[in-house]
$ cat coords-v9.csv   # CSV, C-alpha atoms and all ligand atoms
chain,number,residue,atom,x,y,z
S,4,MET,CA,-139.3,85.5,-17.2
S,5,VAL,CA,-140.3,87.3,-20.4
S,6,TYR,CA,-138.9,90.0,-22.6
S,7,ARG,CA,-140.4,92.6,-24.9
S,8,ALA,CA,-139.9,92.6,-28.7
S,9,GLU,CA,-140.8,95.7,-30.7
S,10,TYR,CA,-141.9,94.4,-34.1
S,11,ILE,CA,-141.2,97.1,-36.7
S,12,TRP,CA,-142.4,97.1,-40.3
S,13,ILE,CA,-143.1,99.4,-43.3
S,14,ASP,CA,-146.7,100.1,-44.2
S,15,GLY,CA,-148.5,100.6,-47.5
S,16,GLN,CA,-148.9,104.3,-47.6
S,17,LYS,CA,-148.2,105.9,-51.0
S,18,PRO,CA,-146.0,107.4,-52.3
S,19,THR,CA,-143.9,106.9,-49.3
S,20,GLY,CA,-144.2,104.0,-46.8
S,21,LYS,CA,-144.2,104.8,-43.1
S,22,LEU,CA,-142.9,102.9,-40.1
S,23,ARG,CA,-145.3,101.1,-37.7
S,24,SER,CA,-144.5,99.0,-34.7
S,25,LYS,CA,-146.1,97.0,-31.9
S,26,THR,CA,-144.9,95.1,-28.9
S,27,LYS,CA,-144.9,91.3,-28.3
S,28,ILE,CA,-144.1,89.7,-24.9
S,29,ILE,CA,-142.0,86.6,-25.5
S,30,ALA,CA,-140.9,83.9,-23.1
S,31,GLU,CA,-137.2,84.0,-22.1
S,32,GLY,CA,-135.0,81.9,-24.4
S,33,GLU,CA,-137.5,82.0,-27.3
S,34,ALA,CA,-136.7,83.7,-30.6
S,35,PRO,CA,-139.2,86.3,-32.0
S,36,PRO,CA,-141.7,84.2,-33.9
S,37,ILE,CA,-143.6,85.0,-37.1
S,38,TRP,CA,-146.5,87.3,-36.1
S,39,GLY,CA,-149.4,89.2,-37.7
S,40,PHE,CA,-151.3,92.5,-37.9
S,41,ASP,CA,-154.3,94.2,-39.3
S,42,GLY,CA,-153.3,95.1,-42.9
S,43,SER,CA,-156.6,97.0,-43.4
S,44,SER,CA,-155.3,99.7,-41.0
S,45,THR,CA,-152.0,100.2,-42.8
S,46,GLU,CA,-153.1,100.2,-46.4
S,47,GLN,CA,-151.9,96.7,-46.9
S,48,ALA,CA,-155.2,94.8,-47.0
S,49,VAL,CA,-158.9,95.2,-47.3
S,50,GLY,CA,-161.2,94.6,-44.3
S,51,LYS,CA,-162.7,91.3,-45.6
S,52,ASP,CA,-159.2,89.7,-45.8
S,53,SER,CA,-157.2,91.8,-43.4
S,54,ASP,CA,-154.5,89.5,-41.9
S,55,ARG,CA,-150.9,90.1,-43.0
S,56,VAL,CA,-147.8,88.4,-41.7
S,57,LEU,CA,-144.8,89.9,-40.0
S,58,ARG,CA,-141.6,87.9,-40.6
S,59,PRO,CA,-138.6,88.9,-38.4
S,60,VAL,CA,-135.6,89.6,-40.6
S,61,ARG,CA,-133.1,91.4,-38.2
S,62,THR,CA,-133.2,91.4,-34.4
S,63,VAL,CA,-131.1,93.8,-32.3
S,64,PRO,CA,-130.9,94.8,-28.6
S,65,ASP,CA,-133.6,97.5,-27.8
S,66,PRO,CA,-131.5,100.5,-26.6
S,67,ILE,CA,-134.6,102.3,-25.2
S,68,ARG,CA,-136.1,99.6,-23.0
S,69,GLY,CA,-132.7,97.9,-22.3
S,70,GLY,CA,-132.3,94.6,-20.5
S,71,ASP,CA,-133.2,91.6,-22.7
S,72,ASP,CA,-135.7,93.6,-24.8
S,73,LYS,CA,-135.3,93.6,-28.6
S,74,LEU,CA,-136.1,95.5,-31.7
S,75,VAL,CA,-137.3,93.2,-34.5
S,76,MET,CA,-137.2,94.5,-38.1
S,77,CYS,CA,-139.8,92.6,-40.1
S,78,ASP,CA,-140.9,92.3,-43.7
S,79,VAL,CA,-144.5,91.9,-44.6
S,80,LEU,CA,-145.9,88.7,-46.2
S,81,ASN,CA,-149.3,87.6,-47.4
S,82,THR,CA,-150.9,84.7,-45.4
S,83,ASP,CA,-149.6,82.2,-48.1
S,84,MET,CA,-146.1,83.4,-47.1
S,85,THR,CA,-145.4,85.2,-50.4
S,86,PRO,CA,-143.9,88.7,-50.1
S,87,HIS,CA,-146.6,91.4,-49.9
S,88,GLU,CA,-146.6,93.8,-52.9
S,89,THR,CA,-145.3,96.6,-50.5
S,90,ASN,CA,-142.3,94.3,-49.5
S,91,LYS,CA,-139.3,95.8,-51.3
S,92,ARG,CA,-136.9,93.9,-49.1
S,93,ALA,CA,-137.7,90.6,-50.8
S,94,GLN,CA,-136.6,92.1,-54.2
S,95,CYS,CA,-133.5,93.6,-52.6
S,96,ALA,CA,-132.6,90.1,-51.2
S,97,GLU,CA,-132.9,88.6,-54.7
S,98,VAL,CA,-130.6,91.2,-56.3
S,99,ALA,CA,-128.1,90.9,-53.4
S,100,GLU,CA,-127.9,87.2,-53.8
S,101,LYS,CA,-127.6,87.3,-57.6
S,102,TYR,CA,-124.6,89.7,-57.5
S,103,ALA,CA,-123.1,88.5,-54.2
S,104,SER,CA,-119.8,87.6,-55.9
S,105,HIS,CA,-119.2,91.4,-56.5
S,106,GLU,CA,-119.5,92.0,-52.8
S,107,PRO,CA,-121.5,95.2,-53.0
S,108,TRP,CA,-121.1,97.6,-50.1
S,109,PHE,CA,-123.2,100.6,-49.3
S,110,GLY,CA,-122.9,103.6,-46.9
S,111,ILE,CA,-126.0,105.8,-46.7
S,112,GLU,CA,-126.0,109.4,-45.4
S,113,GLN,CA,-129.5,109.9,-44.0
S,114,GLU,CA,-130.4,113.6,-43.7
S,115,TYR,CA,-133.5,114.7,-41.8
S,116,THR,CA,-135.2,117.8,-40.4
S,117,PHE,CA,-136.5,118.3,-36.9
S,118,PHE,CA,-139.9,120.0,-36.5
S,119,LYS,CA,-141.2,121.6,-33.4
S,120,ASP,CA,-144.6,123.4,-33.1
S,121,GLY,CA,-145.2,122.9,-36.8
S,122,ARG,CA,-142.1,124.6,-38.1
S,123,PRO,CA,-138.4,123.6,-38.5
S,124,HIS,CA,-136.8,123.4,-35.1
S,125,GLY,CA,-135.1,126.7,-34.5
S,126,TRP,CA,-137.3,128.7,-36.9
S,127,PRO,CA,-138.6,131.7,-35.0
S,128,ALA,CA,-142.4,132.1,-34.6
S,129,GLY,CA,-143.7,134.7,-37.1
S,130,GLY,CA,-140.4,135.6,-38.7
S,131,PHE,CA,-137.3,134.3,-40.5
S,132,PRO,CA,-134.1,132.8,-39.2
S,133,ALA,CA,-130.6,134.0,-40.3
S,134,PRO,CA,-130.0,132.7,-43.9
S,135,GLN,CA,-128.1,129.4,-44.1
S,136,GLY,CA,-124.4,129.6,-44.0
S,137,GLY,CA,-123.5,129.1,-40.3
S,138,TYR,CA,-125.6,126.0,-39.5
S,139,TYR,CA,-123.6,123.3,-41.2
S,140,CYS,CA,-121.4,121.6,-38.5
S,141,GLY,CA,-122.1,124.6,-36.3
S,142,VAL,CA,-121.8,125.0,-32.6
S,143,GLY,CA,-123.7,127.4,-30.2
S,144,ALA,CA,-127.3,128.0,-29.2
S,145,ASP,CA,-127.8,130.5,-32.1
S,146,GLU,CA,-126.8,127.8,-34.7
S,147,ILE,CA,-127.9,124.5,-33.3
S,148,TRP,CA,-131.3,123.0,-32.4
S,149,GLY,CA,-131.9,119.4,-31.3
S,150,ARG,CA,-128.4,118.3,-30.5
S,151,ASP,CA,-129.7,116.6,-27.3
S,152,VAL,CA,-131.9,114.3,-29.5
S,153,VAL,CA,-129.0,113.7,-31.9
S,154,GLU,CA,-126.7,112.6,-29.1
S,155,HIS,CA,-129.3,110.4,-27.6
S,156,HIS,CA,-130.1,108.8,-31.0
S,157,THR,CA,-126.4,108.2,-31.8
S,158,GLU,CA,-125.9,106.4,-28.4
S,159,ALA,CA,-129.0,104.3,-29.1
S,160,CYS,CA,-127.7,103.2,-32.5
S,161,ILE,CA,-124.4,102.2,-31.0
S,162,THR,CA,-126.1,100.2,-28.2
S,163,ALA,CA,-128.3,98.5,-30.8
S,164,GLY,CA,-125.2,97.4,-32.6
S,165,LEU,CA,-126.0,99.4,-35.8
S,166,GLU,CA,-123.1,100.2,-38.2
S,167,ILE,CA,-123.5,104.0,-37.6
S,168,SER,CA,-120.4,105.8,-38.9
S,169,GLY,CA,-121.0,109.4,-38.0
S,170,THR,CA,-123.4,112.4,-37.6
S,171,ASN,CA,-123.3,116.1,-38.5
S,172,ALA,CA,-125.5,119.2,-38.3
S,173,GLU,CA,-126.6,120.2,-41.9
S,174,VAL,CA,-126.8,123.3,-44.0
S,175,MET,CA,-130.4,124.1,-43.3
S,176,ILE,CA,-131.6,125.2,-39.8
S,177,GLY,CA,-132.8,122.2,-37.7
S,178,GLN,CA,-131.4,119.7,-40.2
S,179,TRP,CA,-129.0,116.8,-39.4
S,180,GLU,CA,-127.4,113.7,-40.8
S,181,PHE,CA,-126.3,110.3,-39.7
S,182,GLN,CA,-124.5,107.7,-41.7
S,183,ILE,CA,-124.9,104.0,-41.7
S,184,GLY,CA,-122.3,101.7,-43.3
S,185,PRO,CA,-120.4,100.4,-45.1
S,186,GLY,CA,-122.2,97.0,-45.2
S,187,ASP,CA,-124.1,94.8,-47.7
S,188,PRO,CA,-127.4,96.0,-49.2
S,189,LEU,CA,-129.7,94.2,-46.8
S,190,GLN,CA,-127.7,95.0,-43.6
S,191,VAL,CA,-127.4,98.7,-44.4
S,192,SER,CA,-131.1,99.0,-45.6
S,193,ASP,CA,-132.4,97.1,-42.5
S,194,GLU,CA,-130.3,99.3,-40.3
S,195,ILE,CA,-131.4,102.6,-42.0
S,196,TRP,CA,-135.0,101.6,-41.2
S,197,LEU,CA,-134.1,100.7,-37.7
S,198,ALA,CA,-132.2,103.9,-37.2
S,199,ARG,CA,-135.1,105.9,-38.6
S,200,TRP,CA,-137.5,104.2,-36.2
S,201,LEU,CA,-135.1,105.0,-33.3
S,202,LEU,CA,-134.9,108.6,-34.4
S,203,TYR,CA,-138.7,109.1,-34.5
S,204,ARG,CA,-139.1,107.2,-31.2
S,205,ILE,CA,-136.4,109.1,-29.3
S,206,ALA,CA,-137.5,112.5,-30.6
S,207,GLU,CA,-141.0,111.7,-29.4
S,208,ASP,CA,-139.7,112.0,-25.8
S,209,TYR,CA,-138.4,115.5,-26.5
S,210,ASP,CA,-141.7,116.6,-28.1
S,211,ILE,CA,-139.9,117.0,-31.4
S,212,SER,CA,-140.7,115.2,-34.7
S,213,ALA,CA,-138.1,114.2,-37.3
S,214,HIS,CA,-139.1,114.3,-41.0
S,215,LEU,CA,-137.6,113.0,-44.2
S,216,MET,CA,-139.3,115.4,-46.6
S,217,PRO,CA,-136.9,116.2,-49.5
S,218,LYS,CA,-137.5,120.0,-49.5
S,219,PRO,CA,-138.9,121.0,-46.1
S,220,VAL,CA,-138.7,124.8,-46.9
S,221,ALA,CA,-139.0,126.1,-50.5
S,222,GLY,CA,-136.6,128.7,-51.7
S,223,ASP,CA,-133.1,129.3,-50.6
S,224,TRP,CA,-132.8,126.4,-48.2
S,225,ASN,CA,-131.1,123.1,-48.7
S,226,GLY,CA,-133.2,120.0,-49.2
S,227,ALA,CA,-132.7,116.7,-47.4
S,228,GLY,CA,-131.0,113.8,-49.3
S,229,ALA,CA,-129.7,110.3,-48.7
S,230,HIS,CA,-126.4,110.3,-50.5
S,231,THR,CA,-125.7,106.6,-51.3
S,232,ASN,CA,-122.1,105.5,-51.3
S,233,PHE,CA,-121.4,102.4,-53.2
S,234,SER,CA,-118.5,100.0,-54.1
S,235,THR,CA,-117.9,96.5,-55.3
S,236,ASN,CA,-114.8,94.4,-54.9
S,237,GLU,CA,-113.7,95.5,-58.4
S,238,MET,CA,-114.1,99.2,-57.5
S,239,ARG,CA,-112.2,98.7,-54.2
S,240,GLU,CA,-109.2,97.4,-56.2
S,241,SER,CA,-108.8,99.7,-59.2
S,242,TYR,CA,-110.0,102.9,-60.9
S,243,GLU,CA,-111.4,101.6,-64.2
S,244,PRO,CA,-114.4,100.0,-62.5
S,245,ILE,CA,-115.1,103.3,-60.7
S,246,VAL,CA,-115.5,105.1,-64.0
S,247,ALA,CA,-117.4,102.2,-65.5
S,248,ALA,CA,-119.9,102.3,-62.6
S,249,CYS,CA,-120.4,106.0,-63.1
S,250,GLU,CA,-121.1,105.4,-66.8
S,251,ALA,CA,-123.4,102.5,-66.1
S,252,LEU,CA,-125.5,104.7,-63.7
S,253,GLY,CA,-125.7,107.3,-66.5
S,254,LYS,CA,-127.2,104.9,-69.0
S,255,LYS,CA,-130.1,104.2,-66.6
S,256,ALA,CA,-130.4,107.7,-65.1
S,257,ASP,CA,-134.2,108.0,-65.9
S,258,VAL,CA,-135.0,104.7,-64.2
S,259,HIS,CA,-133.0,105.6,-61.1
S,260,ILE,CA,-134.5,109.1,-60.7
S,261,LYS,CA,-138.0,107.6,-60.6
S,262,GLU,CA,-137.1,105.3,-57.7
S,263,TYR,CA,-135.1,107.7,-55.6
S,264,GLY,CA,-137.9,109.1,-53.5
S,265,ALA,CA,-141.2,111.1,-54.0
S,266,GLY,CA,-140.8,114.8,-54.8
S,267,ILE,CA,-137.3,114.5,-56.2
S,268,GLU,CA,-137.9,117.3,-58.7
S,269,SER,CA,-138.4,119.7,-55.8
S,270,ARG,CA,-134.9,118.9,-54.4
S,271,LEU,CA,-132.7,118.2,-57.4
S,272,THR,CA,-133.0,121.7,-58.9
S,273,GLY,CA,-129.3,122.3,-59.8
S,274,LEU,CA,-128.9,124.6,-56.8
S,275,HIS,CA,-128.0,123.9,-53.2
S,276,GLU,CA,-125.3,121.3,-53.9
S,277,THR,CA,-127.5,119.2,-56.4
S,278,ALA,CA,-127.4,118.4,-60.1
S,279,PRO,CA,-130.7,119.0,-61.9
S,280,TRP,CA,-132.8,115.8,-62.0
S,281,THR,CA,-133.1,116.1,-65.8
S,282,GLU,CA,-129.4,115.8,-66.4
S,283,TYR,CA,-126.8,113.1,-65.4
S,284,SER,CA,-123.2,114.0,-64.6
S,285,TYR,CA,-120.3,112.7,-62.6
S,286,GLY,CA,-117.0,114.1,-61.5
S,287,VAL,CA,-114.2,114.1,-58.9
S,288,SER,CA,-114.9,116.2,-55.8
S,289,ASP,CA,-118.0,117.7,-57.6
S,290,ARG,CA,-120.9,118.3,-55.2
S,291,GLY,CA,-122.8,119.8,-58.1
S,292,ALA,CA,-122.7,116.4,-60.0
S,293,SER,CA,-125.2,113.6,-59.8
S,294,VAL,CA,-122.4,111.2,-58.8
S,295,ARG,CA,-119.3,112.3,-57.0
S,296,ILE,CA,-116.0,110.5,-57.0
S,297,PRO,CA,-114.4,111.5,-53.7
S,298,TRP,CA,-110.9,113.1,-54.0
S,299,GLN,CA,-109.2,110.3,-52.0
S,300,VAL,CA,-110.6,107.8,-54.4
S,301,ALA,CA,-109.1,109.6,-57.4
S,302,ARG,CA,-105.8,109.9,-55.5
S,303,ASP,CA,-105.7,106.2,-54.5
S,304,GLY,CA,-107.1,105.0,-57.8
S,305,LYS,CA,-109.7,102.8,-56.1
S,306,GLY,CA,-112.6,103.0,-53.5
S,307,TYR,CA,-116.2,104.0,-53.9
S,308,ILE,CA,-118.6,106.5,-55.6
S,309,GLU,CA,-121.3,108.7,-54.1
S,310,ASP,CA,-124.7,108.8,-55.8
S,311,ARG,CA,-125.9,112.2,-54.5
S,312,ARG,CA,-129.4,111.9,-56.1
S,313,PRO,CA,-131.5,109.8,-53.6
S,314,ASN,CA,-133.9,111.8,-51.5
S,315,ALA,CA,-134.0,111.6,-47.7
S,316,ASN,CA,-137.4,109.8,-48.1
S,317,MET,CA,-136.1,107.1,-50.4
S,318,ASP,CA,-136.5,103.4,-49.6
S,319,PRO,CA,-133.0,102.0,-49.1
S,320,TYR,CA,-134.2,98.5,-50.2
S,321,VAL,CA,-135.2,100.0,-53.6
S,322,VAL,CA,-132.1,102.2,-54.0
S,323,THR,CA,-129.5,99.6,-53.0
S,324,ALA,CA,-131.1,96.9,-55.2
S,325,LEU,CA,-131.3,99.2,-58.2
S,326,ILE,CA,-127.7,100.5,-57.9
S,327,THR,CA,-126.4,96.9,-57.4
S,328,ASP,CA,-128.4,95.6,-60.4
S,329,THR,CA,-127.4,98.5,-62.7
S,330,VAL,CA,-123.7,98.4,-62.0
S,331,CYS,CA,-123.2,94.7,-61.5
S,332,SER,CA,-125.2,93.7,-64.6
S,333,ASP,CA,-123.1,96.2,-66.6
S,334,PHE,CA,-119.8,94.7,-65.2
S,335,GLU,CA,-121.0,91.2,-66.2
S,336,SER,CA,-122.0,92.2,-69.7
S,337,ALA,CA,-118.6,93.9,-70.3
S,338,ARG,CA,-116.7,90.7,-69.4
S,401,LIG,P1,-119.7,113.1,-47.3
S,401,LIG,O1,-118.3,113.6,-47.4
S,401,LIG,O2,-120.3,113.0,-48.6
S,401,LIG,O3,-120.5,113.9,-46.3
S,401,LIG,P2,-119.9,111.0,-45.3
S,401,LIG,O4,-118.6,110.9,-44.4
S,401,LIG,O5,-121.1,111.6,-44.6
S,401,LIG,O6,-119.5,111.6,-46.7
S,401,LIG,O7,-120.4,109.5,-45.7
S,401,LIG,C1,-119.6,108.6,-46.4
S,401,LIG,C2,-120.2,107.2,-46.3
S,401,LIG,O8,-119.5,106.4,-47.2
S,401,LIG,C3,-120.1,106.6,-45.0
S,401,LIG,O9,-121.4,106.0,-44.6
S,401,LIG,C4,-119.1,105.4,-45.2
S,401,LIG,O10,-119.5,104.3,-44.4
S,401,LIG,C5,-119.3,105.1,-46.6
S,401,LIG,N1,-118.2,104.4,-47.3
S,401,LIG,C6,-116.9,104.5,-47.0
S,401,LIG,N2,-116.2,103.6,-47.8
S,401,LIG,C7,-117.1,102.9,-48.5
S,401,LIG,C8,-117.0,101.9,-49.5
S,401,LIG,N3,-115.8,101.4,-49.9
S,401,LIG,N4,-118.2,101.5,-50.1
S,401,LIG,C9,-119.3,102.0,-49.8
S,401,LIG,N5,-119.5,103.0,-48.8
S,401,LIG,C10,-118.4,103.5,-48.2
S,402,MN,MN,-122.2,113.3,-45.2
S,403,MN,MN,-125.1,115.8,-45.9
S,404,MN,MN,-122.4,113.2,-49.1
$ encode --input "coords-v9.csv" --output "structure tokens"
Amino acid sequence: MVYRAEYIWIDGQKPTGKLRSKTKIIAEGEAPPIWGFDGSSTEQAVGKDSDRVLRPVRTVPDPIRGGDDKLVMCDVLNTDMTPHETNKRAQCAEVAEKYASHEPWFGIEQEYTFFKDGRPHGWPAGGFPAPQGGYYCGVGADEIWGRDVVEHHTEACITAGLEISGTNAEVMIGQWEFQIGPGDPLQVSDEIWLARWLLYRIAEDYDISAHLMPKPVAGDWNGAGAHTNFSTNEMRESYEPIVAACEALGKKADVHIKEYGAGIESRLTGLHETAPWTEYSYGVSDRGASVRIPWQVARDGKGYIEDRRPNANMDPYVVTALITDTVCSDFESAR
């Protein structure tokens, strides 16, 4: 017998890489092998030298096909087996290994917007919906669009064994969120990409498309972010490292903003539960700050922090590597 493995990878589109996938039929009992693809069709190679390598990095049950079928998250290599320049996972792996003794954990809140017939799902043709206010965590056919897709996607993430920790309807019409974590940088990042792929793939069957654009509708509508919750073993034990981590992120705020997703200026305006992208701040319970210390963390004197700046379209390999590097290198230099 054979099984089907869906090989999933990130292409070379700029400024934001897009997911691609293709199917390999594999003999029963064999692990998904290294495979290849045409990099000249994904902006990862030129036609004269087009072969690029797919290296399986995380294999999970395929919740759509079922049975013995698998989803195979891959990273992209050159034919000499060095990481391709678009392969951000390889850098994330280096940082994760360097600072493994701090046991960094991440939980990412992935917001996204459903589109149907070229407009946000629920947006009336040729008019305007009711202003935002009732959509967040709402219920009822006048507030909620796409719940069938969300339920299907959540079930698929659970069946695939992903560390999904919750979902909710968001502030803007047709906008939703799922959370993955906590887990180490590579696990959470691989799983965010797998969960994104499942979302696009499942929504396809409903004739709906999911988008990660940071500001789908200009004006008085919330943007879509990817709040990134972070802790190290030191932060999970006492409060001083919580504050130190917030300070460390502030020292490198410019570097971080540049790596937190294309179009970040359009979303981090200072309105709609964001801090302006030009100013760094942190505070307890403050949803208008760049970084929030959740109230339970202030009460317990330990826990984690929430970096509210990353866009929905960020690359989790880039963001988790950068936060780990900034905070852990600061902890080590303060020793
Ligand atoms: P919000 O109140 O901002 O909407 P959510 O409940 O949506 O928060 O998301 C919180 C995220 O924080 C979850 O993904 C959860 O797994 C993650 N998280 C919880 N504890 C930790 C921790 N110690 N370190 C890192 N992430 C954590
Ligand atoms: Mn949330
Ligand atoms: Mn949210
Ligand atoms: Mn949040």
$ closest_residue --input "coords-v9.csv" --among "S:Ala229, S:Ala93, S:Ile29, S:Val79" --to "ligand MN 403 (chain S)" --atoms "all atoms listed in the file"
S:Ala229
$ closest_residue --input "coords-v9.csv" --among "S:Ser44, S:Gln94, S:Thr82, S:Thr62" --to "S:Leu165" --atoms "all atoms listed in the file"
S:Thr62
$ closest_atom_pairs --input "coords-v9.csv" --of "chain S" --to "ligand MN 402 (chain S)" --cutoff "9 Å" --atoms "all atoms listed in the file" --output "JSON lines"
{"residue": "S:Ile111", "atom": "CA", "partner": "S:MN402", "partner_atom": "MN", "distance": 8.5}
{"residue": "S:Glu112", "atom": "CA", "partner": "S:MN402", "partner_atom": "MN", "distance": 5.4}
{"residue": "S:Gln113", "atom": "CA", "partner": "S:MN402", "partner_atom": "MN", "distance": 8.1}
{"residue": "S:Glu114", "atom": "CA", "partner": "S:MN402", "partner_atom": "MN", "distance": 8.3}
{"residue": "S:Gly169", "atom": "CA", "partner": "S:MN402", "partner_atom": "MN", "distance": 8.3}
{"residue": "S:Thr170", "atom": "CA", "partner": "S:MN402", "partner_atom": "MN", "distance": 7.7}
{"residue": "S:Asn171", "atom": "CA", "partner": "S:MN402", "partner_atom": "MN", "distance": 7.3}
{"residue": "S:Glu173", "atom": "CA", "partner": "S:MN402", "partner_atom": "MN", "distance": 8.8}
{"residue": "S:Glu180", "atom": "CA", "partner": "S:MN402", "partner_atom": "MN", "distance": 6.8}
{"residue": "S:Phe181", "atom": "CA", "partner": "S:MN402", "partner_atom": "MN", "distance": 7.5}
{"residue": "S:Gln182", "atom": "CA", "partner": "S:MN402", "partner_atom": "MN", "distance": 7.0}
{"residue": "S:Ala229", "atom": "CA", "partner": "S:MN402", "partner_atom": "MN", "distance": 8.8}
{"residue": "S:His230", "atom": "CA", "partner": "S:MN402", "partner_atom": "MN", "distance": 7.4}
$ residues_around --input "coords-v9.csv" --residues "S:Ile195" --least-positions-apart "6" --cutoff "12 Å" --atoms "only C-alpha atoms" --output "number ranges by chain"
S: 22, 61, 76, 109-114, 160, 165-168, 180-186, 188-189, 201-202, 229, 231, 315-320, 323
$ residues_around --input "coords-v9.csv" --residues "S:Lys254" --least-positions-apart "2" --cutoff "12 Å" --atoms "all atoms listed in the file" --output "compact mmCIF listing (two decimals) with C-alpha atoms, in the frame of the given file"
# COMPACT_ATOMS: atom_id res chain seq x y z
CA ALA S 247 -117.40 102.20 -65.50
CA ALA S 248 -119.90 102.30 -62.60
CA CYS S 249 -120.40 106.00 -63.10
CA GLU S 250 -121.10 105.40 -66.80
CA ALA S 251 -123.40 102.50 -66.10
CA LEU S 252 -125.50 104.70 -63.70
CA ALA S 256 -130.40 107.70 -65.10
CA ASP S 257 -134.20 108.00 -65.90
CA VAL S 258 -135.00 104.70 -64.20
CA HIS S 259 -133.00 105.60 -61.10
CA ILE S 260 -134.50 109.10 -60.70
CA GLU S 282 -129.40 115.80 -66.40
CA TYR S 283 -126.80 113.10 -65.40
CA SER S 284 -123.20 114.00 -64.60
CA ILE S 326 -127.70 100.50 -57.90
CA THR S 329 -127.40 98.50 -62.70
CA VAL S 330 -123.70 98.40 -62.00
CA ASP S 333 -123.10 96.20 -66.60
$ atom_distance --input "coords-v9.csv" --atom1 "atom CA of S:Ala48" --atom2 "atom CA of S:Thr26"
20.8 Å
$ closest_residue --input "coords-v9.csv" --among "S:Ile176, S:Ala34, S:Met4, S:Ala221" --to "S:Pro127" --atoms "only C-alpha atoms"
S:Ile176
$ closest_residue --input "coords-v9.csv" --among "S:Ser104, S:Asn236, S:Asn225, S:Thr162" --to "ligand MN 403 (chain S)" --atoms "all atoms listed in the file"
S:Asn225
$ atom_distance --input "coords-v9.csv" --atom1 "atom CA of S:Glu237" --atom2 "atom C10 of ligand LIG 401 (chain S)"
13.8 Å
$ axis_aligned_box --input "coords-v9.csv" --around "stretch 307-315 of chain S" --padding-each-side "5 Å" --output "lines of an AutoDock Vina configuration file"
center_x = -125.1
center_y = 108.1
center_z = -51.9
size_x = 27.8
size_y = 18.2
size_z = 18.4
$ closest_residue --input "coords-v9.csv" --among "S:Glu335, S:Asp41, S:Asp72, S:Asp52" --to "S:Pro244" --atoms "only C-alpha atoms"
S:Glu335
$ atom_distance --input "coords-v9.csv" --atom1 "atom CA of S:Pro123" --atom2 "atom CA of S:Trp200"
19.6 Å
$ build_atoms --input "coords-v9.csv" --residues "stretch 172-186 of chain S" --atoms "N, CA and C atoms" --output "PDB file, in the coordinates of the input"
ATOM      1  N   ALA S 172    -124.411 118.240 -38.113  1.00  0.00           N
ATOM      2  CA  ALA S 172    -125.500 119.200 -38.300  1.00  0.00           C
ATOM      3  C   ALA S 172    -125.393 119.652 -39.809  1.00  0.00           C
ATOM      4  N   GLU S 173    -126.555 119.878 -40.426  1.00  0.00           N
ATOM      5  CA  GLU S 173    -126.600 120.200 -41.900  1.00  0.00           C
ATOM      6  C   GLU S 173    -126.764 121.662 -42.168  1.00  0.00           C
ATOM      7  N   VAL S 174    -126.825 121.938 -43.476  1.00  0.00           N
ATOM      8  CA  VAL S 174    -126.800 123.300 -44.000  1.00  0.00           C
ATOM      9  C   VAL S 174    -128.044 124.104 -43.598  1.00  0.00           C
ATOM     10  N   MET S 175    -129.201 123.413 -43.601  1.00  0.00           N
ATOM     11  CA  MET S 175    -130.400 124.100 -43.300  1.00  0.00           C
ATOM     12  C   MET S 175    -130.669 124.081 -41.745  1.00  0.00           C
ATOM     13  N   ILE S 176    -131.287 125.084 -41.234  1.00  0.00           N
ATOM     14  CA  ILE S 176    -131.600 125.200 -39.800  1.00  0.00           C
ATOM     15  C   ILE S 176    -132.413 123.961 -39.341  1.00  0.00           C
ATOM     16  N   GLY S 177    -132.018 123.341 -38.238  1.00  0.00           N
ATOM     17  CA  GLY S 177    -132.800 122.200 -37.700  1.00  0.00           C
ATOM     18  C   GLY S 177    -132.557 120.901 -38.467  1.00  0.00           C
ATOM     19  N   GLN S 178    -131.627 120.897 -39.433  1.00  0.00           N
ATOM     20  CA  GLN S 178    -131.400 119.700 -40.200  1.00  0.00           C
ATOM     21  C   GLN S 178    -130.113 119.001 -39.833  1.00  0.00           C
ATOM     22  N   TRP S 179    -130.151 117.659 -39.825  1.00  0.00           N
ATOM     23  CA  TRP S 179    -129.000 116.800 -39.400  1.00  0.00           C
ATOM     24  C   TRP S 179    -128.835 115.661 -40.288  1.00  0.00           C
ATOM     25  N   GLU S 180    -127.755 114.929 -40.033  1.00  0.00           N
ATOM     26  CA  GLU S 180    -127.400 113.700 -40.800  1.00  0.00           C
ATOM     27  C   GLU S 180    -126.825 112.674 -39.915  1.00  0.00           C
ATOM     28  N   PHE S 181    -127.156 111.400 -40.187  1.00  0.00           N
ATOM     29  CA  PHE S 181    -126.300 110.300 -39.700  1.00  0.00           C
ATOM     30  C   PHE S 181    -125.992 109.388 -40.809  1.00  0.00           C
ATOM     31  N   GLN S 182    -124.889 108.655 -40.674  1.00  0.00           N
ATOM     32  CA  GLN S 182    -124.500 107.700 -41.700  1.00  0.00           C
ATOM     33  C   GLN S 182    -124.471 106.302 -41.183  1.00  0.00           C
ATOM     34  N   ILE S 183    -124.925 105.388 -42.012  1.00  0.00           N
ATOM     35  CA  ILE S 183    -124.900 104.000 -41.700  1.00  0.00           C
ATOM     36  C   ILE S 183    -124.083 103.250 -42.788  1.00  0.00           C
ATOM     37  N   GLY S 184    -123.086 102.460 -42.375  1.00  0.00           N
ATOM     38  CA  GLY S 184    -122.300 101.700 -43.300  1.00  0.00           C
ATOM     39  C   GLY S 184    -120.835 101.808 -43.080  1.00  0.00           C
ATOM     40  N   PRO S 185    -120.024 101.199 -43.954  1.00  0.00           N
ATOM     41  CA  PRO S 185    -120.400 100.400 -45.100  1.00  0.00           C
ATOM     42  C   PRO S 185    -120.874  98.967 -44.635  1.00  0.00           C
ATOM     43  N   GLY S 186    -121.743  98.395 -45.483  1.00  0.00           N
ATOM     44  CA  GLY S 186    -122.200  97.000 -45.200  1.00  0.00           C
ATOM     45  C   GLY S 186    -122.961  96.573 -46.491  1.00  0.00           C
TER      46      GLY S 186
END
